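**Student:** Okay, so here is entry-v2.pdb, and as you'll see once you scroll down, it has PDB, C-alpha atoms and all ligand atoms.
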```pdb
ATOM      1  CA  MET O 496     -59.969 118.837 -49.720
ATOM      2  CA  LEU O 497     -58.950 116.572 -46.830
ATOM      3  CA  LEU O 498     -59.407 112.868 -47.581
ATOM      4  CA  CYS O 499     -59.069 109.850 -45.291
ATOM      5  CA  SER O 500     -55.519 108.577 -45.613
ATOM      6  CA  ARG O 501     -56.735 104.966 -45.820
ATOM      7  CA  CYS O 502     -59.992 104.972 -47.823
ATOM      8  CA  ILE O 503     -61.035 107.999 -49.878
ATOM      9  CA  LEU O 504     -63.859 109.561 -47.844
ATOM     10  CA  PRO O 505     -63.635 113.376 -47.890
ATOM     11  CA  GLU O 506     -64.083 115.827 -45.013
ATOM     12  CA  THR O 507     -67.427 116.872 -46.551
ATOM     13  CA  PHE O 508     -68.947 113.417 -45.986
ATOM     14  CA  PRO O 509     -71.753 113.443 -43.339
ATOM     15  CA  GLY O 510     -70.630 112.369 -39.871
ATOM     16  CA  ILE O 511     -66.957 111.914 -40.754
ATOM     17  CA  LYS O 512     -64.170 112.373 -38.171
ATOM     18  CA  PHE O 513     -60.443 111.883 -38.609
ATOM     19  CA  ASP O 514     -57.924 110.622 -36.054
ATOM     20  CA  ARG O 515     -54.402 112.013 -35.635
ATOM     21  CA  LYS O 516     -53.131 109.893 -38.504
ATOM     22  CA  GLY O 517     -55.836 111.202 -40.816
ATOM     23  CA  VAL O 518     -57.788 107.927 -40.752
ATOM     24  CA  CYS O 519     -61.585 108.283 -40.805
ATOM     25  CA  ASN O 520     -64.015 106.842 -38.248
ATOM     26  CA  PHE O 521     -65.440 104.451 -40.895
ATOM     27  CA  CYS O 522     -61.993 102.907 -41.367
ATOM     28  CA  GLY O 523     -61.527 103.027 -37.592
ATOM     29  CA  SER O 524     -64.535 100.782 -37.011
ATOM     30  CA  PHE O 525     -63.659  98.307 -39.791
ATOM     31  CA  LYS O 526     -62.946  94.973 -38.099
ATOM     32  CA  GLY O 527     -60.379  93.894 -40.653
ATOM     33  CA  GLN O 528     -59.887  91.606 -43.576
ATOM     34  CA  SER O 529     -59.844  88.219 -41.834
ATOM     35  CA  ASP O 530     -63.076  88.972 -39.993
ATOM     36  CA  LEU O 531     -64.684  89.942 -43.314
ATOM     37  CA  GLU O 532     -63.394  86.821 -45.098
ATOM     38  CA  GLN O 533     -64.847  84.670 -42.329
ATOM     39  CA  GLN O 534     -68.238  86.382 -42.695
ATOM     40  CA  LYS O 535     -68.107  85.901 -46.469
ATOM     41  CA  ARG O 536     -67.544  82.167 -46.026
ATOM     42  CA  GLU O 537     -70.494  81.977 -43.626
ATOM     43  CA  TYR O 538     -72.836  83.770 -46.011
ATOM     44  CA  LYS O 539     -71.720  81.671 -48.950
ATOM     45  CA  GLN O 540     -72.525  78.565 -46.929
ATOM     46  CA  LYS O 541     -75.867  80.006 -45.865
ATOM     47  CA  PHE O 542     -76.716  80.740 -49.500
ATOM     48  CA  GLY O 543     -75.850  77.175 -50.509
ATOM     49  CA  ASP O 544     -78.066  75.831 -47.734
ATOM     50  CA  LEU O 545     -80.989  78.023 -48.779
ATOM     51  CA  LEU O 546     -80.662  76.912 -52.391
ATOM     52  CA  THR O 547     -81.066  73.283 -51.363
ATOM     53  CA  VAL O 548     -84.286  74.081 -49.532
ATOM     54  CA  LEU O 549     -85.913  76.649 -51.799
ATOM     55  CA  THR O 550     -85.054  75.938 -55.430
ATOM     56  CA  GLY O 551     -86.350  73.457 -57.994
ATOM     57  CA  LYS O 552     -89.958  73.833 -56.862
ATOM     58  CA  GLY O 553     -91.557  76.424 -59.140
ATOM     59  CA  ARG O 554     -91.094  77.727 -62.664
ATOM     60  CA  TYR O 555     -88.168  79.941 -61.666
ATOM     61  CA  ASP O 556     -85.628  79.729 -58.873
ATOM     62  CA  ALA O 557     -84.595  83.364 -58.937
ATOM     63  CA  LEU O 558     -85.594  86.697 -60.386
ATOM     64  CA  MET O 559     -82.544  88.732 -61.369
ATOM     65  CA  ALA O 560     -82.827  92.525 -61.337
ATOM     66  CA  TYR O 561     -80.844  92.855 -64.526
ATOM     67  CA  SER O 562     -79.547  96.316 -65.474
ATOM     68  CA  GLY O 563     -77.096  95.103 -68.096
ATOM     69  CA  GLY O 564     -74.206  96.676 -66.187
ATOM     70  CA  LYS O 565     -71.058  94.665 -65.467
ATOM     71  CA  ASP O 566     -71.982  93.571 -61.931
ATOM     72  CA  SER O 567     -75.507  92.365 -62.688
ATOM     73  CA  THR O 568     -74.279  90.662 -65.868
ATOM     74  CA  TYR O 569     -71.654  88.785 -63.883
ATOM     75  CA  THR O 570     -74.168  87.890 -61.156
ATOM     76  CA  LEU O 571     -76.560  86.538 -63.778
ATOM     77  CA  TYR O 572     -73.767  84.417 -65.229
ATOM     78  CA  ILE O 573     -72.835  83.054 -61.782
ATOM     79  CA  LEU O 574     -76.424  82.128 -60.943
ATOM     80  CA  LYS O 575     -76.956  80.359 -64.235
ATOM     81  CA  ALA O 576     -73.573  78.779 -64.927
ATOM     82  CA  LYS O 577     -72.206  78.055 -61.445
ATOM     83  CA  TYR O 578     -75.330  77.588 -59.341
ATOM     84  CA  LYS O 579     -77.429  76.116 -62.222
ATOM     85  CA  LEU O 580     -80.494  78.155 -61.310
ATOM     86  CA  ASN O 581     -83.475  78.765 -63.536
ATOM     87  CA  VAL O 582     -83.474  82.558 -63.635
ATOM     88  CA  LEU O 583     -85.974  85.120 -64.890
ATOM     89  CA  ALA O 584     -84.167  88.366 -65.701
ATOM     90  CA  VAL O 585     -86.128  91.602 -65.315
ATOM     91  CA  THR O 586     -84.762  94.862 -66.693
ATOM     92  CA  PHE O 587     -86.172  98.161 -65.486
ATOM     93  CA  ASP O 588     -85.989 100.642 -68.342
ATOM     94  CA  ASN O 589     -85.814 104.137 -66.837
ATOM     95  CA  GLY O 590     -85.626 105.727 -70.289
ATOM     96  CA  PHE O 591     -81.882 106.272 -69.951
ATOM     97  CA  ILE O 592     -80.355 102.863 -70.602
ATOM     98  CA  SER O 593     -77.402 103.261 -72.937
ATOM     99  CA  SER O 594     -77.976 101.678 -76.341
ATOM    100  CA  ARG O 595     -74.809  99.618 -75.903
ATOM    101  CA  ALA O 596     -76.181  98.337 -72.578
ATOM    102  CA  PHE O 597     -79.379  97.267 -74.349
ATOM    103  CA  THR O 598     -77.382  95.346 -76.923
ATOM    104  CA  ASN O 599     -75.376  93.763 -74.093
ATOM    105  CA  ILE O 600     -78.582  92.723 -72.345
ATOM    106  CA  GLN O 601     -79.915  91.001 -75.475
ATOM    107  CA  GLN O 602     -76.595  89.333 -76.106
ATOM    108  CA  ILE O 603     -76.227  88.003 -72.567
ATOM    109  CA  VAL O 604     -79.758  86.660 -72.064
ATOM    110  CA  GLU O 605     -79.502  84.851 -75.396
ATOM    111  CA  ARG O 606     -76.066  83.496 -74.650
ATOM    112  CA  LEU O 607     -77.091  82.255 -71.198
ATOM    113  CA  ASP O 608     -80.553  80.996 -72.309
ATOM    114  CA  ILE O 609     -82.486  83.154 -69.915
ATOM    115  CA  ASP O 610     -86.116  84.324 -70.012
ATOM    116  CA  HIS O 611     -86.201  88.094 -69.926
ATOM    117  CA  ILE O 612     -88.772  90.811 -69.249
ATOM    118  CA  ILE O 613     -88.243  94.520 -69.897
ATOM    119  CA  TYR O 614     -90.381  96.688 -67.648
ATOM    120  CA  LYS O 615     -90.677 100.244 -68.899
ATOM    121  CA  PRO O 616     -92.857 102.553 -66.828
ATOM    122  CA  ARG O 617     -94.528 105.563 -68.447
ATOM    123  CA  PHE O 618     -91.847 108.107 -69.245
ATOM    124  CA  ASP O 619     -94.002 111.095 -68.253
ATOM    125  CA  ILE O 620     -94.145 109.668 -64.727
ATOM    126  CA  LEU O 621     -90.421 108.920 -64.570
ATOM    127  CA  LYS O 622     -89.640 112.359 -65.923
ATOM    128  CA  LYS O 623     -91.644 114.070 -63.150
ATOM    129  CA  ILE O 624     -89.866 111.939 -60.545
ATOM    130  CA  PHE O 625     -86.355 112.603 -61.894
ATOM    131  CA  VAL O 626     -86.934 116.335 -62.288
ATOM    132  CA  ALA O 627     -88.247 116.575 -58.703
ATOM    133  CA  GLY O 628     -85.284 114.457 -57.538
ATOM    134  CA  SER O 629     -82.872 116.935 -59.100
ATOM    135  CA  LYS O 630     -84.410 119.815 -57.155
ATOM    136  CA  GLU O 631     -85.633 118.491 -53.821
ATOM    137  CA  VAL O 632     -84.660 116.057 -51.072
ATOM    138  CA  LEU O 633     -87.409 113.458 -51.441
ATOM    139  CA  PHE O 634     -86.279 110.838 -48.944
ATOM    140  CA  SER O 635     -84.600 110.734 -45.529
ATOM    141  CA  ARG O 636     -81.284 112.601 -45.267
ATOM    142  CA  LYS O 637     -79.558 109.319 -44.504
ATOM    143  CA  THR O 638     -80.220 108.016 -48.049
ATOM    144  CA  LEU O 639     -78.047 110.852 -49.402
ATOM    145  CA  ASP O 640     -74.947 109.282 -47.818
ATOM    146  CA  ARG O 641     -75.120 106.396 -50.258
ATOM    147  CA  ALA O 642     -76.805 107.655 -53.411
ATOM    148  CA  SER O 643     -78.241 110.678 -55.168
ATOM    149  CA  THR O 644     -81.949 111.338 -54.782
ATOM    150  CA  ILE O 645     -82.497 110.468 -58.460
ATOM    151  CA  CYS O 646     -80.701 107.141 -58.032
ATOM    152  CA  THR O 647     -82.620 106.345 -54.840
ATOM    153  CA  SER O 648     -85.981 106.900 -56.532
ATOM    154  CA  CYS O 649     -84.973 104.753 -59.496
ATOM    155  CA  ILE O 650     -83.624 101.924 -57.318
ATOM    156  CA  GLY O 651     -86.743 102.133 -55.145
ATOM    157  CA  LEU O 652     -88.824 101.403 -58.247
ATOM    158  CA  VAL O 653     -86.501  98.602 -59.357
ATOM    159  CA  LYS O 654     -86.724  96.884 -55.972
ATOM    160  CA  SER O 655     -90.477  97.099 -55.653
ATOM    161  CA  ILE O 656     -91.183  96.023 -59.246
ATOM    162  CA  ALA O 657     -88.840  93.058 -58.701
ATOM    163  CA  LEU O 658     -90.572  92.149 -55.460
ATOM    164  CA  ARG O 659     -94.050  92.477 -56.947
ATOM    165  CA  THR O 660     -93.073  90.284 -59.901
ATOM    166  CA  ALA O 661     -91.438  87.655 -57.667
ATOM    167  CA  LEU O 662     -94.538  87.498 -55.456
ATOM    168  CA  GLU O 663     -96.893  87.177 -58.407
ATOM    169  CA  LYS O 664     -94.759  84.491 -60.050
ATOM    170  CA  GLN O 665     -93.911  82.704 -56.784
ATOM    171  CA  ILE O 666     -90.139  83.048 -57.206
ATOM    172  CA  PRO O 667     -88.208  82.322 -53.992
ATOM    173  CA  PHE O 668     -85.130  84.526 -54.619
ATOM    174  CA  ILE O 669     -84.532  88.029 -55.925
ATOM    175  CA  ALA O 670     -80.921  88.538 -56.975
ATOM    176  CA  PHE O 671     -79.175  91.884 -57.189
ATOM    177  CA  GLY O 672     -75.763  92.618 -58.653
ATOM    178  CA  TRP O 673     -74.695  94.944 -55.845
ATOM    179  CA  SER O 674     -70.938  95.236 -55.599
ATOM    180  CA  PRO O 675     -69.275  94.635 -52.204
ATOM    181  CA  GLY O 676     -69.267  98.433 -51.805
ATOM    182  CA  GLN O 677     -73.020  98.659 -52.279
ATOM    183  CA  ALA O 678     -74.125  95.632 -50.290
ATOM    184  CA  PRO O 679     -72.974  95.389 -46.679
ATOM    185  CA  ILE O 680     -72.076  91.782 -45.908
ATOM    186  CA  ASN O 681     -74.644  91.472 -43.119
ATOM    187  CA  SER O 682     -77.532  92.320 -45.449
ATOM    188  CA  CYS O 683     -76.462  90.275 -48.491
ATOM    189  CA  ILE O 684     -79.063  87.613 -47.717
ATOM    190  CA  PHE O 685     -82.288  89.174 -46.584
ATOM    191  CA  LYS O 686     -85.677  87.530 -46.148
ATOM    192  CA  ASN O 687     -88.422  89.983 -47.092
ATOM    193  CA  ASN O 688     -91.465  90.184 -44.875
ATOM    194  CA  ALA O 689     -94.726  92.038 -45.307
ATOM    195  CA  PHE O 690     -94.346  94.194 -42.196
ATOM    196  CA  MET O 691     -90.903  95.512 -43.060
ATOM    197  CA  ILE O 692     -91.665  95.981 -46.751
ATOM    198  CA  LYS O 693     -94.757  97.990 -45.906
ATOM    199  CA  ALA O 694     -92.616 100.419 -43.909
ATOM    200  CA  MET O 695     -89.860 100.565 -46.539
ATOM    201  CA  GLN O 696     -92.355 101.018 -49.342
ATOM    202  CA  GLU O 697     -94.054 103.900 -47.557
ATOM    203  CA  ALA O 698     -90.723 105.732 -47.255
ATOM    204  CA  ILE O 699     -90.267 105.593 -51.037
ATOM    205  CA  LYS O 700     -93.829 105.478 -52.362
ATOM    206  CA  ARG O 701     -95.337 108.363 -50.411
ATOM    207  CA  PRO O 702     -92.925 111.052 -51.689
ATOM    208  CA  LEU O 703     -93.200 109.723 -55.243
ATOM    209  CA  GLN O 704     -96.983 109.670 -55.033
ATOM    210  CA  LYS O 705     -96.951 113.357 -54.135
ATOM    211  CA  ILE O 706     -95.051 114.030 -57.357
ATOM    212  CA  ALA O 707     -96.675 111.641 -59.794
ATOM    213  CA  GLY O 708    -100.037 110.731 -58.214
ATOM    214  CA  ASP O 709    -101.759 107.352 -58.022
ATOM    215  CA  ASP O 710    -100.486 106.289 -61.441
ATOM    216  CA  ILE O 711     -97.404 104.912 -59.674
ATOM    217  CA  ALA O 712     -99.505 102.231 -57.933
ATOM    218  CA  PRO O 713     -98.611  99.417 -60.408
ATOM    219  CA  TYR O 714     -94.922  99.785 -59.523
ATOM    220  CA  PHE O 715     -95.452  98.983 -55.862
ATOM    221  CA  LEU O 716     -97.026  96.244 -53.799
ATOM    222  CA  GLU O 717    -100.751  96.553 -53.249
ATOM    223  CA  GLU O 718    -102.989  95.124 -50.531
ATOM    224  CA  GLU O 719    -103.304  91.736 -52.260
ATOM    225  CA  HIS O 720     -99.503  91.342 -52.313
ATOM    226  CA  PHE O 721     -99.114  91.990 -48.609
ATOM    227  CA  LYS O 722    -101.518  89.077 -48.003
ATOM    228  CA  MET O 723     -99.141  86.641 -49.754
ATOM    229  CA  THR O 724     -97.180  86.295 -46.518
ATOM    230  CA  ASP O 725     -95.914  82.762 -47.214
ATOM    231  CA  ARG O 726     -94.486  83.789 -50.601
ATOM    232  CA  PHE O 727     -92.162  86.622 -49.620
ATOM    233  CA  PRO O 728     -88.841  85.957 -51.348
ATOM    234  CA  THR O 729     -85.283  86.257 -50.081
ATOM    235  CA  ASN O 730     -83.065  88.989 -51.529
ATOM    236  CA  ILE O 731     -79.550  87.918 -52.358
ATOM    237  CA  SER O 732     -76.468  89.920 -53.368
ATOM    238  CA  PRO O 733     -73.935  87.206 -54.282
ATOM    239  CA  LEU O 734     -71.093  89.610 -55.099
ATOM    240  CA  ALA O 735     -70.989  90.613 -51.429
ATOM    241  CA  PHE O 736     -69.875  87.108 -50.381
ATOM    242  CA  LEU O 737     -68.110  85.879 -53.522
ATOM    243  CA  LYS O 738     -64.641  86.929 -54.600
ATOM    244  CA  TYR O 739     -64.819  90.331 -56.299
ATOM    245  CA  ASP O 740     -62.173  91.308 -58.809
ATOM    246  CA  GLU O 741     -63.372  93.954 -61.246
ATOM    247  CA  SER O 742     -60.878  93.156 -64.015
ATOM    248  CA  LYS O 743     -61.662  89.424 -63.856
ATOM    249  CA  ILE O 744     -65.400  90.155 -63.881
ATOM    250  CA  ILE O 745     -65.068  92.287 -67.007
ATOM    251  CA  LYS O 746     -62.866  89.699 -68.690
ATOM    252  CA  LYS O 747     -65.393  86.919 -68.000
ATOM    253  CA  ILE O 748     -68.430  88.806 -69.249
ATOM    254  CA  GLN O 749     -66.549  90.001 -72.323
ATOM    255  CA  GLU O 750     -66.076  86.343 -73.203
ATOM    256  CA  LEU O 751     -69.879  86.105 -73.156
ATOM    257  CA  GLY O 752     -70.171  88.994 -75.601
ATOM    258  CA  TRP O 753     -70.575  91.947 -73.229
ATOM    259  CA  VAL O 754     -68.969  95.132 -74.555
ATOM    260  CA  PRO O 755     -68.091  98.087 -72.266
ATOM    261  CA  PRO O 756     -70.330 101.058 -73.135
ATOM    262  CA  HIS O 757     -68.502 104.266 -74.057
ATOM    263  CA  ASP O 758     -71.451 106.563 -73.580
ATOM    264  CA  THR O 759     -71.829 106.192 -69.780
ATOM    265  CA  ASP O 760     -69.749 107.724 -66.962
ATOM    266  CA  ALA O 761     -66.970 106.216 -64.807
ATOM    267  CA  ASN O 762     -69.391 104.737 -62.265
ATOM    268  CA  SER O 763     -72.022 103.155 -64.452
ATOM    269  CA  THR O 764     -71.942 100.626 -67.246
ATOM    270  CA  ASN O 765     -75.573 101.008 -68.245
ATOM    271  CA  CYS O 766     -77.243 104.267 -67.176
ATOM    272  CA  LEU O 767     -77.022 107.603 -68.977
ATOM    273  CA  LEU O 768     -78.921 109.457 -66.249
ATOM    274  CA  ASN O 769     -76.157 108.760 -63.758
ATOM    275  CA  SER O 770     -73.858 111.625 -64.774
ATOM    276  CA  PHE O 771     -76.606 114.195 -64.345
ATOM    277  CA  ALA O 772     -77.684 112.688 -61.001
ATOM    278  CA  ASN O 773     -74.079 112.728 -59.743
ATOM    279  CA  LYS O 774     -73.482 116.281 -60.874
ATOM    280  CA  VAL O 775     -76.588 117.579 -59.109
ATOM    281  CA  HIS O 776     -75.629 115.722 -55.929
ATOM    282  CA  LYS O 777     -72.027 116.989 -55.927
ATOM    283  CA  GLU O 778     -73.096 120.592 -56.465
ATOM    284  CA  LYS O 779     -75.517 120.415 -53.531
ATOM    285  CA  TYR O 780     -73.601 118.339 -50.994
ATOM    286  CA  HIS O 781     -69.939 118.617 -52.050
ATOM    287  CA  TYR O 782     -69.194 114.907 -52.090
ATOM    288  CA  HIS O 783     -69.686 112.296 -54.786
ATOM    289  CA  PRO O 784     -72.786 110.082 -54.263
ATOM    290  CA  TYR O 785     -70.648 106.998 -55.029
ATOM    291  CA  VAL O 786     -67.844 107.892 -52.630
ATOM    292  CA  PHE O 787     -69.184 105.831 -49.711
ATOM    293  CA  GLU O 788     -69.389 102.577 -51.683
ATOM    294  CA  ILE O 789     -66.098 103.151 -53.469
ATOM    295  CA  ALA O 790     -64.347 104.011 -50.188
ATOM    296  CA  LYS O 791     -65.736 100.779 -48.729
ATOM    297  CA  MET O 792     -64.203  98.774 -51.578
ATOM    298  CA  VAL O 793     -60.834 100.451 -50.979
ATOM    299  CA  ARG O 794     -61.057  99.738 -47.235
ATOM    300  CA  GLU O 795     -61.912  96.096 -47.906
ATOM    301  CA  GLY O 796     -59.136  95.668 -50.416
ATOM    302  CA  VAL O 797     -61.194  94.997 -53.539
ATOM    303  CA  LEU O 798     -60.283  98.276 -55.254
ATOM    304  CA  ASP O 799     -57.011 100.111 -55.592
ATOM    305  CA  ARG O 800     -56.963 103.594 -53.957
ATOM    306  CA  GLU O 801     -55.658 105.287 -57.109
ATOM    307  CA  GLU O 802     -58.305 103.621 -59.278
ATOM    308  CA  ALA O 803     -60.966 104.668 -56.787
ATOM    309  CA  LEU O 804     -59.836 108.294 -56.849
ATOM    310  CA  GLU O 805     -59.879 108.216 -60.615
ATOM    311  CA  LYS O 806     -63.515 107.021 -60.619
ATOM    312  CA  ILE O 807     -64.567 109.736 -58.178
ATOM    313  CA  ASN O 808     -62.588 112.620 -59.647
ATOM    314  CA  ARG O 809     -63.359 112.115 -63.310
ATOM    315  CA  PRO O 810     -65.566 115.053 -64.329
ATOM    316  CA  GLU O 811     -68.979 114.456 -65.857
ATOM    317  CA  ASP O 812     -69.243 114.493 -69.614
ATOM    318  CA  GLU O 813     -70.904 117.860 -70.297
ATOM    319  CA  GLN O 814     -72.469 116.669 -73.557
ATOM    320  CA  LEU O 815     -74.084 113.745 -71.766
ATOM    321  CA  VAL O 816     -75.388 115.930 -68.934
ATOM    322  CA  LYS O 817     -76.760 118.376 -71.490
ATOM    323  CA  SER O 818     -78.621 115.685 -73.426
ATOM    324  CA  VAL O 819     -80.146 114.294 -70.210
ATOM    325  CA  LYS O 820     -81.308 117.774 -69.164
ATOM    326  CA  LYS O 821     -82.872 118.284 -72.552
ATOM    327  CA  ARG O 822     -84.747 114.970 -72.363
ATOM    328  CA  LEU O 823     -85.986 115.884 -68.871
ATOM    329  CA  GLY O 824     -86.933 119.389 -69.998
ATOM    330  CA  CYS O 825     -84.711 121.063 -67.371
TER     331      CYS O 825
HETATM  332 ZN    ZN R   1     -61.378 106.000 -44.230
END
```
Show how you would write the structure in this file as structure tokens.
Ligand SMILES: [Zn+2]
**Tutor:**
Amino acid sequence: MLLCSRCILPETFPGIKFDRKGVCNFCGSFKGQSDLEQQKREYKQKFGDLLTVLTGKGRYDALMAYSGGKDSTYTLYILKAKYKLNVLAVTFDNGFISSRAFTNIQQIVERLDIDHIIYKPRFDILKKIFVAGSKEVLFSRKTLDRASTICTSCIGLVKSIALRTALEKQIPFIAFGWSPGQAPINSCIFKNNAFMIKAMQEAIKRPLQKIAGDDIAPYFLEEEHFKMTDRFPTNISPLAFLKYDESKIIKKIQELGWVPPHDTDANSTNCLLNSFANKVHKEKYHYHPYVFEIAKMVREGVLDREEALEKINRPEDEQLVKSVKKRLGC
């Protein structure tokens, strides 16, 4: 298969074109490292300014969407230890969190003295959603460029449960541990507003409602939440503007007691469903659902090309995929 000679995007990726040197159009439109570094400095400054204005007023300064994976663990550490924020961590349990990840979560919230909520939706509902996501395209085609349908439905729930909780508890920030590959720099600080969230929620909620019915209502904003217009929090993805070095991140969180799980795949340090979701996506579309974000990290110099190829090319663990299928009844 033809791959971009600079990043790792394959010829099967939607909308890709290569120039004479075999460089893809995504690399072609990348403005370069110094431009990116400048933007990072600006966002870091902007974040600092927002903290001065918005924190120290309520019970919590930030809600952290905490998966227990390496990136969200590191983000949680940064918010608590470096920025001295009072954080409420919220973990969305999709029924497939690795047991090691659960132990890591307990270890880290205790070590960092953080209040923690585990939100576990009904498994019969999640099961219906994941099974449908393995068979159908539930959301716009564009979402498939960046994630599998299963992942998109899960993340959709994570985001809206986080937002609902932040609104109800009057928390001014929602923090995500998106890596620089997952969070584009220009959206790493994003003020939510009722109008935009209504539109975004419809795009995710409507297809899920068709599958699972009105029982999904508690996971989304309802009319009363949209009226809280003065409370809408700001989403932040600090790893997009801070220095990102995967080996240093892992070293730091290991000092805090985090242990790398051995039961997950190459692209997740918490979720067992991921392998199955990736496999389904690759069979249907012939590119890895993580390739866009990993290619972006290669392009931006935060990940080695060889390491990136290793992450993308490592085959799924058949045993793991089999056990997920069994749990989903596929
Ligand atoms: Zn490229």
**Student:** Find the residues near Ala803 of chain O: any atom within 12 Å, counting only C-alpha atoms, skip ones fewer than 5 places away on the same chain, and give them as JSON, numbers by chain.
**Tutor:** {"O": [501, 502, 503, 504, 676, 741, 761, 762, 783, 785, 786, 787, 788, 789, 790, 791, 792, 793, 794, 796, 797, 798, 808, 809]}
**Student:** Output C-alpha atoms of each residue in that selection to a file, as an mmCIF file, in the frame of the given file.
**Tutor:**
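For reference, selection05.cif as written:
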```cif
data_model
loop_
_atom_site.group_PDB
_atom_site.id
_atom_site.type_symbol
_atom_site.label_atom_id
_atom_site.label_comp_id
_atom_site.auth_asym_id
_atom_site.auth_seq_id
_atom_site.Cartn_x
_atom_site.Cartn_y
_atom_site.Cartn_z
ATOM 1 C CA ARG O 501 -56.735 104.966 -45.820
ATOM 2 C CA CYS O 502 -59.992 104.972 -47.823
ATOM 3 C CA ILE O 503 -61.035 107.999 -49.878
ATOM 4 C CA LEU O 504 -63.859 109.561 -47.844
ATOM 5 C CA GLY O 676 -69.267 98.433 -51.805
ATOM 6 C CA GLU O 741 -63.372 93.954 -61.246
ATOM 7 C CA ALA O 761 -66.970 106.216 -64.807
ATOM 8 C CA ASN O 762 -69.391 104.737 -62.265
ATOM 9 C CA HIS O 783 -69.686 112.296 -54.786
ATOM 10 C CA TYR O 785 -70.648 106.998 -55.029
ATOM 11 C CA VAL O 786 -67.844 107.892 -52.630
ATOM 12 C CA PHE O 787 -69.184 105.831 -49.711
ATOM 13 C CA GLU O 788 -69.389 102.577 -51.683
ATOM 14 C CA ILE O 789 -66.098 103.151 -53.469
ATOM 15 C CA ALA O 790 -64.347 104.011 -50.188
ATOM 16 C CA LYS O 791 -65.736 100.779 -48.729
ATOM 17 C CA MET O 792 -64.203 98.774 -51.578
ATOM 18 C CA VAL O 793 -60.834 100.451 -50.979
ATOM 19 C CA ARG O 794 -61.057 99.738 -47.235
ATOM 20 C CA GLY O 796 -59.136 95.668 -50.416
ATOM 21 C CA VAL O 797 -61.194 94.997 -53.539
ATOM 22 C CA LEU O 798 -60.283 98.276 -55.254
ATOM 23 C CA ASN O 808 -62.588 112.620 -59.647
ATOM 24 C CA ARG O 809 -63.359 112.115 -63.310
#
```
**Student:** Would you please work out which residue, of O:Ile669, O:Leu583, O:Leu633, O:Ala596, is nearest to Asn765 of chain O when using only C-alpha atoms?
**Tutor:**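 Of O:Ile669, O:Leu583, O:Leu633, O:Ala596, the one nearest Asn765 of chain O, counting only C-alpha atoms, is O:Ala596.
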**Student:** Which residues are close to Phe634 of chain O, i.e. within 9 Å by all atoms listed in the file, leaving aside same-chain residues fewer than 5 positions away? Reply as a list in words.
**Tutor:** Leu639, Thr644, Thr647, Ser648, Ala698, Ile699 and Pro702 of chain O
**Student:** How many Å separate atom CA of Arg595 of chain O from atom CA of Cys649 of chain O?
**Tutor:** 20.0 Å
**Student:** Taking the file as I've supplied it (selection: the PyMOL selection byres (((chain O and resi 614) around 10) and not hetatm)), which residues are included? Please answer as a PyMOL selection string.
**Tutor:** chain O and resi 585-589+611-613+615-617+653+656-657+714
**Student:** Pick out the closest residue to Leu767 of chain O from this set: O:Thr550, O:Thr724, O:Ser529, O:Ser818. Count only C-alpha atoms.
**Tutor:** O:Ser818
**Student:** List the residues selected by the PyMOL selection byres (((chain O and resi 603) around 9) and not hetatm) in the file shown, writing them as a list in words.
**Tutor:** Gly563, Thr568, Leu571, Tyr572, Thr598, Asn599, Ile600, Gln601, Gln602, Val604, Glu605, Arg606, Leu607, Asp608, Ile609, Ile748, Leu751, Gly752 and Trp753 of chain O
**Student:** Taking all atoms listed in the file into account, name the residue in O:Gly527, O:Gly824, O:Gly551, O:Pro505 that is nearest to Asp619 of chain O.
**Tutor:**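 Going through O:Gly527, O:Gly824, O:Gly551, O:Pro505 one by one, the smallest distance to Asp619 of chain O is for O:Gly824.
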**Student:** Just checking: using only C-alpha atoms, which residue out of O:Ser770, O:Ser742, O:Ala670, O:Ile645 ends up closest to Asn730 of chain O?
**Tutor:**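 Smallest separation from Asn730 of chain O among the options: O:Ala670.
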**Student:** Excluding Phe542 of chain O and any residue of its chain fewer than 6 positions from it, enumerate the residues within 10 Å of it, using only C-alpha atoms, and give them as a PDB file with C-alpha atoms, in the coordinates of the input.
**Tutor:**
```
ATOM      1  CA  ARG O 536     -67.544  82.167 -46.026  1.00  0.00           C
ATOM      2  CA  CYS O 683     -76.462  90.275 -48.491  1.00  0.00           C
ATOM      3  CA  ILE O 684     -79.063  87.613 -47.717  1.00  0.00           C
ATOM      4  CA  ILE O 731     -79.550  87.918 -52.358  1.00  0.00           C
ATOM      5  CA  SER O 732     -76.468  89.920 -53.368  1.00  0.00           C
ATOM      6  CA  PRO O 733     -73.935  87.206 -54.282  1.00  0.00           C
ATOM      7  CA  PHE O 736     -69.875  87.108 -50.381  1.00  0.00           C
TER       8      PHE O 736
END
```
**Student:** Figure out the distance between atom CA of Asp556 of chain O and atom CA of Leu662 of chain O, please, to one decimal in Å.
**Tutor:**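 Answer for the atom CA of Leu662 of chain O to atom CA of Asp556 of chain O separation: 12.3 Å.
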**Student:** At what distance in Å, to one decimal, does atom CA of Cys499 of chain O lie from atom CA of Arg800 of chain O?
**Tutor:**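 Distance reported for this atom pair: 10.9 Å.
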**Student:** Here is a test: counting only C-alpha atoms, which residue of O:Leu545, O:Val582, O:Ile620, O:Leu658 is nearest to Leu558 of chain O?
**Tutor:**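 Selected residue with least distance to Leu558 of chain O: O:Val582.
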**Student:** Which residues would end up in the selection if the PyMOL selection byres (((chain O and resi 674) around 7) and not hetatm) were applied here, given that I need the answer as a list in words?
**Tutor:** Asp566, Gly672, Trp673, Pro675, Gly676, Gln677, Ala678, Leu734 and Ala735 of chain O
**Student:** Pick from O:Ile592, O:Cys522, O:Leu737, O:Met695: nearest to Val819 of chain O, with only C-alpha atoms counted?
**Tutor:**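 The answer is O:Ile592, which sits nearest to Val819 of chain O.
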